[in-house]
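As provided, work.csv (CSV, C-alpha atoms and all ligand atoms) reads as follows.
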```
chain,number,residue,atom,x,y,z
A,1478,MET,CA,213.3,61.6,117.2
A,1479,PRO,CA,211.5,58.2,117.7
A,1480,GLY,CA,209.6,59.1,114.5
A,1481,LEU,CA,212.8,59.6,112.6
A,1482,LEU,CA,214.2,56.3,113.9
A,1483,SER,CA,211.1,54.3,113.0
A,1484,SER,CA,211.1,55.8,109.5
A,1485,PHE,CA,214.7,54.8,109.1
A,1486,VAL,CA,214.0,51.2,110.2
A,1487,PHE,CA,211.0,51.1,107.9
A,1488,PHE,CA,213.2,52.2,104.9
A,1489,VAL,CA,215.9,49.7,105.8
A,1490,LEU,CA,213.5,46.8,106.0
A,1491,PHE,CA,212.2,47.7,102.6
A,1492,VAL,CA,215.6,47.8,101.0
A,1493,VAL,CA,216.4,44.4,102.7
A,1494,HIS,CA,213.3,42.7,101.5
A,1495,GLN,CA,212.7,44.3,98.1
A,1496,PRO,CA,214.8,44.2,95.1
A,1497,ASN,CA,212.9,47.2,93.8
A,1498,ALA,CA,211.8,48.6,97.1
A,1499,THR,CA,211.7,52.3,96.1
A,1500,ALA,CA,209.2,51.5,93.3
A,1501,ARG,CA,206.6,50.4,95.8
A,1502,VAL,CA,207.0,52.8,98.7
A,1503,HIS,CA,204.5,55.1,97.0
A,1504,SER,CA,201.7,52.7,97.6
A,1505,LEU,CA,202.2,52.6,101.4
A,1506,ASN,CA,201.4,54.9,104.2
A,1507,PRO,CA,204.3,54.7,106.6
A,1508,ARG,CA,202.0,55.9,109.4
A,1509,PHE,CA,200.2,52.6,109.2
A,1510,ALA,CA,203.0,50.4,108.0
A,1511,THR,CA,205.8,51.2,110.5
A,1512,SER,CA,204.7,49.1,113.5
A,1513,PHE,CA,204.0,45.8,111.8
A,1514,MET,CA,207.0,46.3,109.4
A,1515,THR,CA,209.3,46.5,112.4
A,1516,ASP,CA,207.9,43.4,114.1
A,1517,PRO,CA,210.8,40.9,113.9
A,1518,SER,CA,208.4,37.9,113.8
A,1519,ASN,CA,207.2,39.3,110.5
A,1520,ARG,CA,210.5,39.3,108.7
A,1521,ILE,CA,211.3,36.9,105.8
A,1522,PRO,CA,214.4,34.8,106.8
A,1523,ALA,CA,217.5,35.9,104.9
A,1524,GLU,CA,217.8,32.5,103.1
A,1525,ALA,CA,214.1,32.6,101.9
A,1526,ALA,CA,212.8,34.5,98.9
A,1527,ALA,CA,209.6,36.5,99.2
A,1528,VAL,CA,206.4,34.8,98.3
A,1529,VAL,CA,204.6,36.3,95.3
A,1530,LEU,CA,201.5,34.1,95.1
A,1531,ALA,CA,199.7,31.9,97.6
A,1532,ILE,CA,196.6,29.8,96.8
A,1533,HIS,CA,194.2,27.5,98.5
A,1534,GLY,CA,191.9,24.8,97.3
A,1535,GLY,CA,189.7,24.7,100.4
A,1536,LEU,CA,189.8,23.2,103.8
A,1537,ALA,CA,190.8,19.5,103.6
A,1538,CYS,CA,188.6,16.5,104.4
A,1539,PRO,CA,190.1,14.2,107.0
A,1540,ARG,CA,193.3,12.5,105.7
A,1541,GLU,CA,191.9,9.0,105.8
A,1542,ARG,CA,189.1,10.0,103.3
A,1543,LEU,CA,191.6,11.3,100.7
A,1544,SER,CA,192.6,8.6,98.3
A,1545,ALA,CA,196.2,8.6,96.9
A,1546,ASP,CA,194.8,9.3,93.4
A,1547,ARG,CA,192.8,12.3,94.5
A,1548,GLU,CA,195.7,13.6,96.4
A,1549,GLU,CA,197.8,13.4,93.3
A,1550,SER,CA,195.2,15.2,91.2
A,1551,LEU,CA,194.8,17.9,93.8
A,1552,ARG,CA,198.5,18.5,94.0
A,1553,ALA,CA,198.9,18.6,90.2
A,1554,ALA,CA,196.0,21.0,89.8
A,1555,MET,CA,197.5,23.3,92.5
A,1556,GLN,CA,200.9,23.2,90.8
A,1557,VAL,CA,199.3,24.3,87.5
A,1558,ALA,CA,197.5,27.1,89.2
A,1559,LEU,CA,200.7,28.3,90.9
A,1560,GLN,CA,202.6,28.2,87.6
A,1561,LYS,CA,199.9,30.0,85.7
A,1562,GLY,CA,199.8,32.7,88.3
A,1563,PHE,CA,203.5,33.0,88.4
A,1564,GLU,CA,203.8,33.3,84.6
A,1565,VAL,CA,201.4,36.2,84.7
A,1566,LEU,CA,203.4,37.9,87.5
A,1567,GLN,CA,206.6,37.5,85.5
A,1568,SER,CA,205.0,39.1,82.5
A,1569,GLY,CA,204.8,42.6,83.9
A,1570,THR,CA,205.2,44.8,86.9
A,1571,ALA,CA,201.6,45.4,87.9
A,1572,GLU,CA,200.0,42.0,87.5
A,1573,SER,CA,198.7,40.9,90.8
A,1574,VAL,CA,195.0,41.0,89.8
A,1575,ALA,CA,195.7,39.1,86.6
A,1576,ALA,CA,197.7,36.5,88.5
A,1577,VAL,CA,195.0,35.8,91.1
A,1578,LEU,CA,192.4,35.5,88.3
A,1579,ALA,CA,194.6,33.1,86.4
A,1580,ALA,CA,195.3,30.9,89.4
A,1581,VAL,CA,191.6,30.8,90.5
A,1582,GLU,CA,190.4,30.2,86.9
A,1583,VAL,CA,192.6,27.0,86.7
A,1584,MET,CA,191.0,25.7,89.9
A,1585,GLU,CA,187.5,26.6,88.8
A,1586,ASP,CA,188.1,24.7,85.6
A,1587,SER,CA,189.3,21.6,87.5
A,1588,PRO,CA,186.6,19.2,88.7
A,1589,GLU,CA,188.8,18.6,91.8
A,1590,PHE,CA,187.6,21.8,93.6
A,1591,ASN,CA,184.3,23.1,94.9
A,1592,ALA,CA,184.3,26.1,92.5
A,1593,GLY,CA,183.1,26.4,88.9
A,1594,ARG,CA,183.1,22.9,87.5
A,1595,GLY,CA,182.9,20.5,90.5
A,1596,SER,CA,180.9,22.8,92.7
A,1597,VAL,CA,178.7,21.2,95.4
A,1598,PHE,CA,175.0,20.7,95.3
A,1599,THR,CA,172.3,22.5,97.3
A,1600,GLN,CA,169.5,20.6,99.0
A,1601,THR,CA,167.3,20.9,95.8
A,1602,GLY,CA,170.1,19.6,93.5
A,1603,SER,CA,171.0,23.0,92.1
A,1604,ILE,CA,174.6,24.5,91.9
A,1605,GLU,CA,174.9,28.0,93.1
A,1606,MET,CA,178.3,29.8,93.1
A,1607,ASP,CA,179.8,32.9,94.7
A,1608,ALA,CA,183.1,34.7,93.9
A,1609,ALA,CA,184.9,37.9,94.7
A,1610,LEU,CA,188.0,39.8,93.4
A,1611,MET,CA,189.7,42.8,95.1
A,1612,GLU,CA,192.7,44.9,94.2
A,1613,GLY,CA,194.8,46.4,97.0
A,1614,ALA,CA,196.0,49.5,95.2
A,1615,THR,CA,192.6,51.1,94.7
A,1616,ARG,CA,190.4,48.8,96.9
A,1617,GLN,CA,188.2,48.4,93.9
A,1618,ALA,CA,186.3,45.2,94.0
A,1619,GLY,CA,183.8,43.0,92.2
A,1620,ALA,CA,181.7,40.1,93.5
A,1621,VAL,CA,178.9,37.8,92.4
A,1622,ALA,CA,176.7,35.4,94.4
A,1623,HIS,CA,174.1,32.8,93.6
A,1624,VAL,CA,175.2,32.5,90.0
A,1625,LYS,CA,174.4,29.3,88.1
A,1626,ARG,CA,175.6,29.6,84.6
A,1627,ILE,CA,178.9,31.5,84.3
A,1628,ARG,CA,181.7,29.1,83.5
A,1629,ASN,CA,184.2,31.1,85.6
A,1630,PRO,CA,182.4,33.1,88.4
A,1631,ILE,CA,185.7,34.9,89.2
A,1632,ARG,CA,185.6,36.4,85.7
A,1633,ALA,CA,182.1,37.6,86.4
A,1634,ALA,CA,183.5,39.3,89.6
A,1635,GLN,CA,186.2,40.9,87.4
A,1636,ALA,CA,183.5,42.1,85.0
A,1637,VAL,CA,181.6,43.7,87.9
A,1638,LEU,CA,184.8,45.4,89.1
A,1639,MET,CA,185.7,46.7,85.6
A,1640,GLN,CA,182.4,47.2,83.8
A,1641,SER,CA,179.8,48.2,86.4
A,1642,PRO,CA,179.2,50.9,89.0
A,1643,ALA,CA,178.2,48.1,91.4
A,1644,VAL,CA,180.5,46.0,93.5
A,1645,PHE,CA,178.1,43.0,94.1
A,1646,LEU,CA,175.6,41.4,91.7
A,1647,VAL,CA,173.6,38.4,92.6
A,1648,GLY,CA,171.4,35.7,91.0
A,1649,ALA,CA,170.0,35.5,87.5
A,1650,GLU,CA,170.8,39.2,86.9
A,1651,ALA,CA,174.5,38.5,87.6
A,1652,ASP,CA,174.5,35.6,85.2
A,1653,GLN,CA,172.8,37.8,82.6
A,1654,PHE,CA,175.3,40.6,83.3
A,1655,ALA,CA,178.2,38.3,82.6
A,1656,GLN,CA,176.6,36.9,79.5
A,1657,GLN,CA,176.0,40.4,78.1
A,1658,ARG,CA,179.7,41.1,78.7
A,1659,GLY,CA,180.6,38.1,76.5
A,1660,LEU,CA,181.7,35.7,79.3
A,1661,PRO,CA,181.3,32.0,78.6
A,1662,ILE,CA,178.0,30.7,79.8
A,1663,GLU,CA,177.3,27.0,80.5
A,1664,ASP,CA,174.4,24.7,80.9
A,1665,PRO,CA,174.1,23.7,84.6
A,1666,SER,CA,175.1,20.2,83.7
A,1667,TYR,CA,178.7,21.5,82.9
A,1668,PHE,CA,179.3,22.1,86.7
A,1669,PHE,CA,178.0,18.6,87.6
A,1670,THR,CA,180.5,15.9,88.8
A,1671,ASP,CA,179.8,12.4,90.0
A,1672,ARG,CA,181.6,12.9,93.3
A,1673,ARG,CA,179.4,15.9,94.3
A,1674,HIS,CA,176.3,14.2,93.0
A,1675,ALA,CA,177.0,11.2,95.2
A,1676,GLU,CA,177.0,13.5,98.2
A,1677,PHE,CA,173.7,14.9,97.1
A,1678,LEU,CA,172.2,11.4,96.6
A,1679,ALA,CA,173.4,10.3,100.1
A,1680,TRP,CA,171.8,13.3,101.7
A,1681,LYS,CA,168.5,12.7,99.9
A,1682,GLU,CA,168.5,9.1,101.0
A,1683,ASN,CA,169.1,10.1,104.7
A,1684,PRO,CA,169.4,13.9,105.3
A,1685,CYS,CA,170.6,13.4,108.9
A,1686,SER,CA,173.5,11.2,107.7
A,1687,VAL,CA,175.0,14.3,106.2
A,1688,LEU,CA,173.7,17.4,107.8
A,1689,GLY,CA,171.1,17.6,110.5
A,1690,GLU,CA,168.1,19.9,110.1
A,1691,GLY,CA,168.3,21.5,113.5
A,1692,SER,CA,169.6,24.9,114.3
A,1693,SER,CA,170.2,24.8,118.0
A,1694,PRO,CA,173.9,25.2,119.2
A,1695,GLN,CA,174.0,21.4,119.7
A,1696,ASP,CA,172.7,20.6,116.3
A,1697,ARG,CA,175.1,23.1,114.8
A,1698,GLN,CA,178.0,21.4,116.5
A,1699,VAL,CA,176.9,18.0,115.2
A,1700,ASN,CA,176.5,19.6,111.7
A,1701,LEU,CA,180.0,21.1,111.9
A,1702,GLU,CA,181.5,17.7,112.8
A,1703,LYS,CA,179.6,16.0,110.0
A,1704,SER,CA,180.5,18.7,107.5
A,1705,ALA,CA,184.2,18.4,108.4
A,1706,ALA,CA,184.0,14.9,106.9
A,1707,TYR,CA,182.8,16.3,103.6
A,1708,SER,CA,185.1,17.4,100.9
A,1709,ARG,CA,184.9,21.1,100.5
A,1710,GLY,CA,187.3,22.8,98.1
A,1711,THR,CA,186.6,26.5,97.8
A,1712,VAL,CA,189.5,28.1,95.9
A,1713,GLY,CA,191.4,31.3,96.4
A,1714,ALA,CA,194.6,33.2,95.6
A,1715,VAL,CA,196.5,36.2,96.9
A,1716,ALA,CA,199.4,37.8,95.1
A,1717,ARG,CA,201.9,40.6,95.3
A,1718,ASP,CA,203.5,41.9,92.1
A,1719,ARG,CA,206.7,43.8,91.4
A,1720,ALA,CA,205.0,47.1,91.7
A,1721,GLY,CA,203.9,46.2,95.2
A,1722,ASN,CA,200.3,45.8,94.4
A,1723,LEU,CA,198.3,43.2,96.2
A,1724,ALA,CA,195.2,41.3,95.1
A,1725,ALA,CA,192.8,38.6,96.4
A,1726,ALA,CA,190.3,36.4,94.7
A,1727,THR,CA,188.0,33.6,96.0
A,1728,SER,CA,185.5,31.4,94.3
A,1729,THR,CA,183.2,28.7,95.6
A,1730,GLY,CA,180.2,26.5,95.2
A,1731,GLY,CA,179.5,27.1,98.9
A,1732,VAL,CA,178.9,24.5,101.5
A,1733,SER,CA,177.7,21.1,100.4
A,1734,LEU,CA,173.9,20.7,100.7
A,1735,LYS,CA,173.2,24.2,101.6
A,1736,ILE,CA,169.7,25.7,101.7
A,1737,PRO,CA,169.0,27.2,98.2
A,1738,GLY,CA,169.7,30.9,98.2
A,1739,ARG,CA,172.3,30.7,100.9
A,1740,VAL,CA,175.3,32.9,100.3
A,1741,GLY,CA,178.6,32.3,102.0
A,1742,ASP,CA,181.6,34.4,102.8
A,1743,SER,CA,183.6,33.9,99.6
A,1744,GLY,CA,181.7,36.5,97.6
A,1745,VAL,CA,181.3,38.9,100.6
A,1746,LEU,CA,184.1,41.5,100.6
A,1747,GLY,CA,185.7,41.8,104.0
A,1748,ALA,CA,184.4,38.3,105.0
A,1749,GLY,CA,186.0,35.8,102.7
A,1750,THR,CA,188.0,38.2,100.4
A,1751,PHE,CA,189.9,41.4,101.1
A,1752,ALA,CA,192.9,43.3,99.7
A,1753,ASP,CA,194.6,46.6,100.8
A,1754,ASN,CA,198.1,47.6,99.6
A,1755,ARG,CA,198.7,49.2,103.0
A,1756,THR,CA,198.4,45.8,104.8
A,1757,CYS,CA,197.6,42.6,103.1
A,1758,ALA,CA,195.5,40.5,100.7
A,1759,VAL,CA,193.4,37.6,102.2
A,1760,SER,CA,191.3,34.8,100.8
A,1761,CYS,CA,189.4,32.5,103.2
A,1762,THR,CA,187.7,29.1,103.3
A,1763,GLY,CA,185.6,27.3,105.9
A,1764,ASP,CA,182.3,27.8,107.6
A,1765,GLY,CA,181.2,30.9,105.7
A,1766,GLU,CA,178.6,32.1,108.2
A,1767,LEU,CA,181.3,32.5,110.8
A,1768,PHE,CA,183.6,34.3,108.4
A,1769,ILE,CA,180.8,36.7,107.7
A,1770,ARG,CA,180.0,37.2,111.3
A,1771,SER,CA,183.6,37.9,112.2
A,1772,SER,CA,184.5,40.0,109.1
A,1773,ALA,CA,187.4,37.6,109.0
A,1774,ALA,CA,189.3,38.8,105.9
A,1775,TYR,CA,189.0,42.4,106.8
A,1776,SER,CA,189.9,41.6,110.5
A,1777,VAL,CA,193.4,40.5,109.3
A,1778,SER,CA,194.0,43.9,107.7
A,1779,ALA,CA,192.5,45.8,110.6
A,1780,ARG,CA,194.7,44.0,113.1
A,1781,MET,CA,197.7,45.1,111.1
A,1782,MET,CA,196.6,48.6,110.4
A,1783,PHE,CA,195.1,49.6,113.8
A,1784,GLY,CA,196.7,47.0,116.1
A,1785,GLY,CA,200.2,47.0,114.7
A,1786,GLN,CA,200.2,43.3,114.4
A,1787,GLY,CA,202.4,41.4,111.8
A,1788,LEU,CA,200.7,39.4,109.1
A,1789,ARG,CA,201.1,36.0,110.8
A,1790,GLN,CA,199.8,37.1,114.1
A,1791,ALA,CA,196.9,38.9,112.5
A,1792,ALA,CA,196.0,35.9,110.3
A,1793,GLN,CA,196.2,33.4,113.1
A,1794,ALA,CA,194.0,35.6,115.3
A,1795,ALA,CA,191.3,35.6,112.6
A,1796,ILE,CA,191.3,31.8,112.5
A,1797,ASP,CA,191.4,31.6,116.3
A,1798,ASP,CA,188.2,33.7,116.2
A,1799,ILE,CA,186.6,31.2,113.8
A,1800,ARG,CA,187.6,28.4,116.2
A,1801,ALA,CA,186.2,30.3,119.2
A,1802,LEU,CA,182.9,30.7,117.4
A,1803,GLY,CA,182.8,26.9,117.0
A,1804,GLY,CA,183.8,26.5,113.4
A,1805,LEU,CA,186.4,25.4,111.0
A,1806,GLY,CA,188.4,27.5,108.6
A,1807,GLY,CA,191.6,28.6,107.0
A,1808,LEU,CA,193.0,31.4,104.9
A,1809,VAL,CA,195.9,32.4,102.8
A,1810,ALA,CA,197.3,35.9,103.2
A,1811,ILE,CA,200.2,37.9,101.8
A,1812,ASP,CA,201.5,41.2,103.0
A,1813,LEU,CA,203.2,44.1,101.3
A,1814,VAL,CA,206.7,42.6,101.5
A,1815,GLY,CA,205.8,39.1,100.6
A,1816,ASN,CA,205.4,37.5,104.0
A,1817,VAL,CA,202.8,34.8,103.8
A,1818,ALA,CA,200.4,33.2,106.3
A,1819,LEU,CA,198.5,30.0,105.8
A,1820,PRO,CA,196.7,29.3,109.1
A,1821,TYR,CA,193.9,26.9,109.5
A,1822,HIS,CA,191.7,25.1,112.1
A,1823,GLY,CA,190.5,21.8,110.7
A,1824,PRO,CA,191.9,18.6,109.4
A,1825,GLY,CA,194.1,20.4,106.8
A,1826,LEU,CA,194.2,23.1,104.2
A,1827,PHE,CA,194.9,22.5,100.5
A,1828,ARG,CA,197.5,25.3,100.0
A,1829,GLY,CA,200.4,26.3,97.9
A,1830,THR,CA,202.9,29.1,97.5
A,1831,ILE,CA,205.3,30.2,94.8
A,1832,ASP,CA,208.2,32.6,95.5
A,1833,GLU,CA,209.9,35.2,93.4
A,1834,ARG,CA,212.4,32.6,92.1
A,1835,GLY,CA,209.6,30.4,90.9
A,1836,VAL,CA,210.0,27.8,93.7
A,1837,ALA,CA,206.5,26.2,94.3
A,1838,THR,CA,205.4,24.4,97.4
A,1839,VAL,CA,202.1,22.5,97.9
A,1840,ALA,CA,200.9,21.1,101.2
A,1841,LEU,CA,197.6,19.5,102.3
A,1842,TYR,CA,197.9,18.6,105.9
A,1843,GLU,CA,200.4,19.3,108.7
A,1844,ASP,CA,203.4,17.8,106.9
B,1,LIG,N1,183.5,29.4,102.8
B,1,LIG,C1,182.7,28.7,101.8
B,1,LIG,C2,181.2,29.1,102.1
B,1,LIG,O1,180.8,29.2,103.2
B,1,LIG,C3,182.8,27.2,101.9
B,1,LIG,C4,184.2,26.7,102.1
B,1,LIG,O2,185.2,27.4,102.0
B,1,LIG,O3,184.3,25.4,102.4
B,1,LIG,O4,180.5,29.3,101.1
```
So that I can check it, write out the structure of this file as structure tokens.
Ligand code: ASP
Amino acid sequence: MPGLLSSFVFFVLFVVHQPNATARVHSLNPRFATSFMTDPSNRIPAEAAAVVLAIHGGLACPRERLSADREESLRAAMQVALQKGFEVLQSGTAESVAAVLAAVEVMEDSPEFNAGRGSVFTQTGSIEMDAALMEGATRQAGAVAHVKRIRNPIRAAQAVLMQSPAVFLVGAEADQFAQQRGLPIEDPSYFFTDRRHAEFLAWKENPCSVLGEGSSPQDRQVNLEKSAAYSRGTVGAVARDRAGNLAAATSTGGVSLKIPGRVGDSGVLGAGTFADNRTCAVSCTGDGELFIRSSAAYSVSARMMFGGQGLRQAAQAAIDDIRALGGLGGLVAIDLVGNVALPYHGPGLFRGTIDERGVATVALYED
């Protein structure tokens, strides 16, 4: 009897939240979905429309370091990314993967973000990028790391997903793979921007002024505080389409002045990027080592699936864990009915959402 009752509640919630609820029930397993679907804190308020796309442009630098001009450019670029993704979502019923790709590509092409053009430098002055894409319906995924020449690393991740038996390619071979599949390749100078180069020069001048060399817990704390002052700007997107399919994509130049060869969480499935139609889609930003060590993106899904938590509770818990490990971070997540969570621990999170009516919202700090 309780089983019958919860199935009924589950069905009613779907009808309330979804104009085409019956079209998407097939992609869910009610055994997993029931508990978090019935969590009242997880309901979309009656007056609000469900979110279909959420994006981030990375953890924010402290507010006093962000000029008005740059704030304007960031906001404008995020609006374009939201609109591009929304147009794709409007064009069909099963477009979540295409929508996250479109939104991330806009931000990779913009020099404002630490992804694609505008990526940060390593300690030897190279630019090394990571990206991942995952679709919730099939849990198919593609990722690349340590790529240096693909104009849009997220497209390389897509090529890995669609055109290879692998899920993760790295280094020169990943660049080569993308080139052989006809993706645009650039000279390393294409990714170069004055702002990121200035960070590199300042570090060369005085390494400890930017990041210390030590690896003790105290050194690490000092490094985290210093790194909080640096502009970051990893980009990511999560989407839910009319067929109920979820997708997540993340792309980054990594952390500023990283050791060459270092790979962060963005390209690591389950750490910085994850999607599963039964729960949620997640894209993360922040101290990548901690997101890898805590399997952060997957942990949001696991808390929902095995712990019965709602999206917001699960997403907040993942960020609380990053905080407990001594780091900074944020994420954007969307669940199967269009609830969205945008938690962060740090000065701010460049973030935006667009709902099913096309109403876009962009925020950078607490306001
Ligand atoms: N998470 C990224 C990395 O560790 C950096 C960031 O999001 O700021 O590579």
- Query: In terms of the shortest atom-to-atom distance over all atoms listed in the file, which of A:Gly1535, A:Gly1825, A:Gly1815, A:Gly1569 is closest to ligand LIG 1 (chain B)?
  - Reply: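 Among the listed residues, the smallest separation from ligand LIG 1 (chain B) belongs to A:Gly1535.
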- Rank A:Gly1602, A:Lys1681, A:Arg1672, A:Arg1628 by their smallest atom-to-atom distance to Gly1659 in chain A, using all atoms listed in the file, and report the top residue only. A:Arg1628
- Message: For a quick check of your reading of the model, name the residues lying within 9 Å of the coordinate (204.9, 25.8, 97.7), counting all atoms listed in the file, and write them as a ChimeraX atom specification.
- Response: /A:1531,1556,1559,1828-1832,1836-1840
- Query: If I put a ball of radius 12 Å at (205.6, 32.3, 95.8) in the file's coordinates, which residues poke into it when counting all atoms listed in the file, written as JSON, numbers by chain?
  - Reply: {"A": [1525, 1526, 1527, 1528, 1529, 1530, 1531, 1532, 1556, 1558, 1559, 1560, 1561, 1562, 1563, 1564, 1566, 1567, 1576, 1714, 1715, 1716, 1717, 1718, 1809, 1810, 1811, 1814, 1815, 1816, 1817, 1818, 1828, 1829, 1830, 1831, 1832, 1833, 1834, 1835, 1836, 1837, 1838, 1839]}
- Note on the structure: Using all atoms listed in the file, the shortest atom-to-atom distance to ligand LIG 1 (chain B) among A:Ala1779, A:Leu1734, A:Ile1662, A:Ala1636 belongs to A:Leu1734
Starting from the incomplete input, reconstruct N, CA and C atoms of range 1536-1550 of chain A and report them as a PDB file, in the coordinates of the input.
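Output below, filename part_20.pdb:
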```pdb
ATOM      1  N   LEU A1536     189.447  23.921 102.631  1.00  0.00           N
ATOM      2  CA  LEU A1536     189.800  23.200 103.800  1.00  0.00           C
ATOM      3  C   LEU A1536     189.752  21.675 103.462  1.00  0.00           C
ATOM      4  N   ALA A1537     190.695  20.929 103.992  1.00  0.00           N
ATOM      5  CA  ALA A1537     190.800  19.500 103.600  1.00  0.00           C
ATOM      6  C   ALA A1537     189.812  18.641 104.355  1.00  0.00           C
ATOM      7  N   CYS A1538     189.412  17.548 103.703  1.00  0.00           N
ATOM      8  CA  CYS A1538     188.600  16.500 104.400  1.00  0.00           C
ATOM      9  C   CYS A1538     189.642  15.746 105.285  1.00  0.00           C
ATOM     10  N   PRO A1539     189.168  14.939 106.235  1.00  0.00           N
ATOM     11  CA  PRO A1539     190.100  14.200 107.000  1.00  0.00           C
ATOM     12  C   PRO A1539     191.011  13.312 106.146  1.00  0.00           C
ATOM     13  N   ARG A1540     192.246  13.185 106.563  1.00  0.00           N
ATOM     14  CA  ARG A1540     193.300  12.500 105.700  1.00  0.00           C
ATOM     15  C   ARG A1540     192.840  11.150 105.247  1.00  0.00           C
ATOM     16  N   GLU A1541     192.219  10.373 106.154  1.00  0.00           N
ATOM     17  CA  GLU A1541     191.900   9.000 105.800  1.00  0.00           C
ATOM     18  C   GLU A1541     190.828   8.938 104.675  1.00  0.00           C
ATOM     19  N   ARG A1542     190.153  10.037 104.419  1.00  0.00           N
ATOM     20  CA  ARG A1542     189.100  10.000 103.300  1.00  0.00           C
ATOM     21  C   ARG A1542     189.723  10.451 102.001  1.00  0.00           C
ATOM     22  N   LEU A1543     190.980  10.846 101.986  1.00  0.00           N
ATOM     23  CA  LEU A1543     191.600  11.300 100.700  1.00  0.00           C
ATOM     24  C   LEU A1543     192.379  10.194 100.087  1.00  0.00           C
ATOM     25  N   SER A1544     191.929   9.727  98.925  1.00  0.00           N
ATOM     26  CA  SER A1544     192.600   8.600  98.300  1.00  0.00           C
ATOM     27  C   SER A1544     193.954   9.163  97.669  1.00  0.00           C
ATOM     28  N   ALA A1545     194.858   8.238  97.431  1.00  0.00           N
ATOM     29  CA  ALA A1545     196.200   8.600  96.900  1.00  0.00           C
ATOM     30  C   ALA A1545     195.968   9.278  95.496  1.00  0.00           C
ATOM     31  N   ASP A1546     195.032   8.738  94.715  1.00  0.00           N
ATOM     32  CA  ASP A1546     194.800   9.300  93.400  1.00  0.00           C
ATOM     33  C   ASP A1546     194.298  10.734  93.437  1.00  0.00           C
ATOM     34  N   ARG A1547     193.372  10.917  94.345  1.00  0.00           N
ATOM     35  CA  ARG A1547     192.800  12.300  94.500  1.00  0.00           C
ATOM     36  C   ARG A1547     193.847  13.253  95.000  1.00  0.00           C
ATOM     37  N   GLU A1548     194.645  12.785  95.916  1.00  0.00           N
ATOM     38  CA  GLU A1548     195.700  13.600  96.400  1.00  0.00           C
ATOM     39  C   GLU A1548     196.627  14.088  95.299  1.00  0.00           C
ATOM     40  N   GLU A1549     196.942  13.115  94.449  1.00  0.00           N
ATOM     41  CA  GLU A1549     197.800  13.400  93.300  1.00  0.00           C
ATOM     42  C   GLU A1549     197.177  14.460  92.387  1.00  0.00           C
ATOM     43  N   SER A1550     195.869  14.249  92.093  1.00  0.00           N
ATOM     44  CA  SER A1550     195.200  15.200  91.200  1.00  0.00           C
ATOM     45  C   SER A1550     195.113  16.583  91.804  1.00  0.00           C
TER      46      SER A1550
END
```
